[in-house]
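Chemist: Following this line is query-v3.cif, made up of mmCIF, C-alpha atoms:
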data_target
loop_
_atom_site.group_PDB
_atom_site.id
_atom_site.type_symbol
_atom_site.label_atom_id
_atom_site.label_comp_id
_atom_site.auth_asym_id
_atom_site.auth_seq_id
_atom_site.Cartn_x
_atom_site.Cartn_y
_atom_site.Cartn_z
ATOM 1 C CA MET A 1265 -249.350 47.570 13.116
ATOM 2 C CA THR A 1266 -246.058 47.266 15.007
ATOM 3 C CA ALA A 1267 -245.332 50.966 14.354
ATOM 4 C CA GLN A 1268 -248.755 51.862 15.731
ATOM 5 C CA THR A 1269 -248.166 49.626 18.756
ATOM 6 C CA ARG A 1270 -244.841 51.366 19.386
ATOM 7 C CA GLU A 1271 -246.355 54.827 18.979
ATOM 8 C CA THR A 1272 -249.262 54.079 21.335
ATOM 9 C CA VAL A 1273 -247.130 52.488 24.064
ATOM 10 C CA GLN A 1274 -244.462 55.186 23.901
ATOM 11 C CA ALA A 1275 -247.110 57.928 24.051
ATOM 12 C CA TYR A 1276 -248.672 56.286 27.119
ATOM 13 C CA HIS A 1277 -245.284 55.781 28.804
ATOM 14 C CA ARG A 1278 -244.230 59.419 28.242
ATOM 15 C CA ALA A 1279 -247.606 60.814 29.359
ATOM 16 C CA ARG A 1280 -247.764 58.679 32.486
ATOM 17 C CA PHE A 1281 -244.332 59.646 33.739
ATOM 18 C CA ALA A 1282 -245.039 63.294 32.896
ATOM 19 C CA GLY A 1283 -248.196 63.063 35.035
ATOM 20 C CA ASP A 1284 -250.410 63.907 32.035
ATOM 21 C CA VAL A 1285 -253.533 61.898 32.887
ATOM 22 C CA THR A 1286 -255.468 63.134 29.835
ATOM 23 C CA ALA A 1287 -252.761 62.104 27.360
ATOM 24 C CA ALA A 1288 -252.237 58.752 29.109
ATOM 25 C CA ALA A 1289 -255.982 58.048 29.108
ATOM 26 C CA ALA A 1290 -256.157 58.803 25.381
ATOM 27 C CA GLN A 1291 -254.009 55.715 24.732
ATOM 28 C CA LEU A 1292 -256.278 53.342 26.688
ATOM 29 C CA ALA A 1293 -259.166 51.315 25.270
ATOM 30 C CA GLY A 1294 -262.711 51.710 26.574
ATOM 31 C CA THR A 1295 -262.456 48.244 28.106
ATOM 32 C CA PHE A 1296 -259.254 48.220 30.141
ATOM 33 C CA THR A 1297 -257.606 46.215 32.942
ATOM 34 C CA PHE A 1298 -254.467 46.783 34.993
ATOM 35 C CA ARG A 1299 -252.605 44.383 37.281
ATOM 36 C CA SER A 1300 -249.536 44.862 39.421
ATOM 37 C CA PRO A 1301 -248.204 43.220 42.585
ATOM 38 C CA LEU A 1302 -249.768 46.038 44.630
ATOM 39 C CA THR A 1303 -253.031 46.892 42.884
ATOM 40 C CA GLU A 1304 -255.566 45.925 40.231
ATOM 41 C CA SER A 1305 -258.102 47.947 38.302
ATOM 42 C CA ALA A 1306 -260.860 47.028 35.881
ATOM 43 C CA ASP A 1307 -261.150 50.476 34.272
ATOM 44 C CA THR A 1308 -259.131 53.491 33.181
ATOM 45 C CA ARG A 1309 -260.311 55.748 35.985
ATOM 46 C CA GLY A 1310 -259.247 53.335 38.713
ATOM 47 C CA HIS A 1311 -255.882 52.936 37.043
ATOM 48 C CA LEU A 1312 -255.194 56.633 36.483
ATOM 49 C CA ASP A 1313 -256.589 57.944 39.795
ATOM 50 C CA GLY A 1314 -253.320 57.264 41.599
ATOM 51 C CA LEU A 1315 -251.099 58.606 38.824
ATOM 52 C CA ALA A 1316 -250.362 61.993 40.394
ATOM 53 C CA ALA A 1317 -249.309 60.453 43.706
ATOM 54 C CA PHE A 1318 -247.095 57.917 41.930
ATOM 55 C CA VAL A 1319 -245.423 60.494 39.670
ATOM 56 C CA GLY A 1320 -244.858 62.657 42.746
ATOM 57 C CA ILE A 1321 -242.352 60.127 44.103
ATOM 58 C CA VAL A 1322 -240.614 59.380 40.788
ATOM 59 C CA THR A 1323 -237.289 61.138 40.296
ATOM 60 C CA GLY A 1324 -236.376 59.502 36.997
ATOM 61 C CA VAL A 1325 -236.955 56.616 34.613
ATOM 62 C CA ASP A 1326 -234.281 54.740 32.660
ATOM 63 C CA LEU A 1327 -235.660 52.695 29.781
ATOM 64 C CA ILE A 1328 -233.641 49.486 29.368
ATOM 65 C CA SER A 1329 -235.503 47.585 26.657
ATOM 66 C CA GLU A 1330 -238.495 47.921 24.339
ATOM 67 C CA LEU A 1331 -240.059 44.945 22.563
ATOM 68 C CA TYR A 1332 -242.959 45.411 20.142
ATOM 69 C CA GLY A 1333 -245.288 43.009 18.359
ATOM 70 C CA GLU A 1334 -248.479 43.432 16.396
ATOM 71 C CA THR A 1335 -250.781 43.616 19.433
ATOM 72 C CA GLU A 1336 -248.439 43.565 22.405
ATOM 73 C CA ALA A 1337 -245.377 45.277 23.793
ATOM 74 C CA THR A 1338 -243.042 44.943 26.748
ATOM 75 C CA LEU A 1339 -240.983 47.706 28.337
ATOM 76 C CA VAL A 1340 -238.239 47.035 30.858
ATOM 77 C CA TYR A 1341 -237.107 50.044 32.871
ATOM 78 C CA ASP A 1342 -235.777 51.313 36.176
ATOM 79 C CA VAL A 1343 -237.964 53.743 38.114
ATOM 80 C CA HIS A 1344 -235.983 55.927 40.498
ATOM 81 C CA THR A 1345 -238.051 57.013 43.490
ATOM 82 C CA ALA A 1346 -237.720 59.467 46.344
ATOM 83 C CA THR A 1347 -238.621 56.690 48.789
ATOM 84 C CA PRO A 1348 -236.632 54.138 50.796
ATOM 85 C CA VAL A 1349 -237.293 51.749 47.894
ATOM 86 C CA GLY A 1350 -234.889 53.746 45.743
ATOM 87 C CA THR A 1351 -234.700 52.213 42.276
ATOM 88 C CA GLN A 1352 -237.388 49.734 41.230
ATOM 89 C CA HIS A 1353 -236.570 47.342 38.394
ATOM 90 C CA THR A 1354 -239.772 46.957 36.390
ATOM 91 C CA ALA A 1355 -241.202 45.096 33.401
ATOM 92 C CA GLU A 1356 -244.490 46.188 31.891
ATOM 93 C CA HIS A 1357 -246.506 44.159 29.391
ATOM 94 C CA PHE A 1358 -249.136 45.830 27.209
ATOM 95 C CA ARG A 1359 -251.886 44.150 25.215
ATOM 96 C CA LEU A 1360 -253.515 46.264 22.482
ATOM 97 C CA ARG A 1361 -256.708 46.059 20.458
ATOM 98 C CA ASP A 1362 -257.539 48.383 17.568
ATOM 99 C CA GLY A 1363 -254.532 50.569 18.358
ATOM 100 C CA LYS A 1364 -255.433 51.163 22.016
ATOM 101 C CA ILE A 1365 -254.054 49.595 25.199
ATOM 102 C CA GLU A 1366 -256.618 47.199 26.650
ATOM 103 C CA ALA A 1367 -254.484 45.577 29.369
ATOM 104 C CA ILE A 1368 -251.316 46.327 31.292
ATOM 105 C CA THR A 1369 -249.487 43.917 33.565
ATOM 106 C CA LEU A 1370 -246.762 45.509 35.672
ATOM 107 C CA ILE A 1371 -244.153 43.106 37.038
ATOM 108 C CA PHE A 1372 -241.758 43.949 39.874
ATOM 109 C CA ASP A 1373 -240.673 42.713 43.277
ATOM 110 C CA ALA A 1374 -243.036 44.505 45.668
ATOM 111 C CA THR A 1375 -241.281 43.352 48.854
ATOM 112 C CA ARG A 1376 -239.741 46.766 49.616
ATOM 113 C CA TRP A 1377 -243.066 48.516 48.946
ATOM 114 C CA HIS A 1378 -245.129 46.629 51.551
ATOM 115 C CA PRO A 1379 -243.874 48.592 54.594
ATOM 116 C CA LEU A 1380 -244.522 51.898 52.777
ATOM 117 C CA MET A 1381 -248.021 50.813 51.784
ATOM 118 C CA ALA A 1382 -248.755 49.690 55.359
ATOM 119 C CA ALA A 1383 -247.542 53.022 56.721
ATOM 120 C CA ALA A 1384 -249.838 54.827 54.253
ATOM 121 C CA GLY A 1385 -252.782 52.712 55.421
ATOM 122 C CA ARG A 1386 -253.211 50.754 52.188
#
In structure tokens, what does this structure look like?
Modeler:
Amino acid sequence: MTAQTRETVQAYHRARFAGDVTAAAAQLAGTFTFRSPLTESADTRGHLDGLAAFVGIVTGVDLISELYGETEATLVYDVHTATPVGTQHTAEHFRLRDGKIEAITLIFDATRWHPLMAAAGR
């Protein structure tokens, strides 16, 4: 199962940062939740709706660490952005069921994002 966990999480990670909503969605379970310091979603659509805008500000991603278990995984990476935030150090925890991602928790310091979100009216 660990190989399947790795394959699923890597496929999601690649698709998301490529802006491929269809391929990213294919890795998510029918029942899905997402949490981050800036937003939460209780379904895949709510989570993936903002993908294009997010990928539009990403200039690169450097994967630092990958940890895989039977039904969970954690990725640690730097997201380089074309914003005043610059590089965002990020950890992302995935919980899987039946080979699909059912929950993602994104962990990062959102302090530098608050002024940008306020300026965008969010």
Chemist: Would you write out, as a ChimeraX atom specification, every residue that the PyMOL selection byres ((chain A and resi 1293) around 7) captures in this file?
Modeler: /A:1291-1292,1294-1296,1364-1366
Chemist: Could you please determine the separation between CA of Gly1283 in chain A and CA of Asp1362 in chain A in Å, to one decimal place?
Modeler: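 It comes out at 24.7 Å.
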Chemist: Written as a list of chain:residue names, what is the full residue list that the PyMOL selection byres ((chain A and resi 1315-1327) around 8) yields on the file shown?
Modeler: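 Applied to this file, the PyMOL selection byres ((chain A and resi 1315-1327) around 8) selects A:Arg1280, A:Phe1281, A:Ala1282, A:Gly1283, A:Val1285, A:His1311, A:Leu1312, A:Asp1313, A:Gly1314, A:Ile1328, A:Ser1329, A:Glu1330, A:Leu1339, A:Val1340, A:Tyr1341, A:Asp1342, A:Val1343, A:His1344, A:Thr1345, A:Ala1346, A:Thr1347.
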Chemist: Draw an axis-aligned box tight on the listed atoms of range 1355-1364 of chain A, then pad every side by 3 Å and write out centre and edge lengths in Å to one decimal as JSON.
Modeler:
{"center_x": -249.4, "center_y": 47.7, "center_z": 25.5, "size_x": 22.3, "size_y": 13.0, "size_z": 21.8}
Chemist: Enter the distance from CA of Ala1367 in chain A to CA of Thr1297 in chain A, in Å, rounded to one decimal.
Modeler: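 Separation between CA of Ala1367 in chain A and CA of Thr1297 in chain A: 4.8 Å.
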Chemist: Extract, using all atoms listed in the file, all DNA, RNA and protein residues at most 10 Å from range 1277-1279 of chain A, discarding same-chain residues fewer than 5 positions from it, and format them as a list in words.
Modeler: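 What passes the distance filter is Glu1271, Thr1272, Asp1284, Val1285, Thr1286, Ala1287, Ala1288, Ala1289, Ala1290, Gln1291 and Leu1339 of chain A.
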Chemist: Filtering to C-alpha atoms, could you give me those residues as a PDB file, in the frame of the given file?
Modeler:
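Listing of selection13.pdb after writing:
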ATOM      1  CA  GLU A1271    -246.355  54.827  18.979  1.00  0.00           C
ATOM      2  CA  THR A1272    -249.262  54.079  21.335  1.00  0.00           C
ATOM      3  CA  ASP A1284    -250.410  63.907  32.035  1.00  0.00           C
ATOM      4  CA  VAL A1285    -253.533  61.898  32.887  1.00  0.00           C
ATOM      5  CA  THR A1286    -255.468  63.134  29.835  1.00  0.00           C
ATOM      6  CA  ALA A1287    -252.761  62.104  27.360  1.00  0.00           C
ATOM      7  CA  ALA A1288    -252.237  58.752  29.109  1.00  0.00           C
ATOM      8  CA  ALA A1289    -255.982  58.048  29.108  1.00  0.00           C
ATOM      9  CA  ALA A1290    -256.157  58.803  25.381  1.00  0.00           C
ATOM     10  CA  GLN A1291    -254.009  55.715  24.732  1.00  0.00           C
ATOM     11  CA  LEU A1339    -240.983  47.706  28.337  1.00  0.00           C
TER      12      LEU A1339
END
Chemist: Would you mind reading off the distance between CA of Met1381 in chain A and CA of Leu1302 in chain A, one decimal, in Å?
Modeler: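 Value for the CA of Met1381 in chain A-CA of Leu1302 in chain A distance: 8.8 Å.
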Chemist: Report as a ChimeraX atom specification all protein, DNA and RNA residues lying within 8 Å of Thr1335 in chain A, evaluated on all atoms listed in the file, omitting residues in the same chain fewer than 6 positions from it.
Modeler: /A:1265-1266,1269,1359-1361,1363
Chemist: Given the choices A:Pro1301, A:Gly1310, A:Gly1333, A:Pro1348, which gets closest to Ile1371 in chain A if the distance is worked out from all atoms listed in the file?
Modeler: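 Checking each of A:Pro1301, A:Gly1310, A:Gly1333, A:Pro1348 against Ile1371 in chain A, counting all atoms listed in the file, the winner is A:Pro1301.
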Chemist: Find, counting all atoms listed in the file, the residue in A:Trp1377, A:Ala1382, A:Val1273, A:Thr1338 that gets nearest to Gly1350 in chain A.
Modeler: A:Trp1377
Chemist: Pick the closest to Thr1354 in chain A from A:Arg1270, A:Ser1300, A:Arg1309, A:Leu1380: which is it, counting only C-alpha atoms?
Modeler: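 Once distances to Thr1354 in chain A are computed over only C-alpha atoms, the minimum belongs to A:Ser1300.
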Chemist: May I ask which of the residues A:Gln1274, A:Thr1351, A:Thr1375, A:Thr1369 is the closest one to Leu1331 in chain A, counting all atoms listed in the file?
Modeler: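 Result for the nearest residue to Leu1331 in chain A: A:Gln1274.
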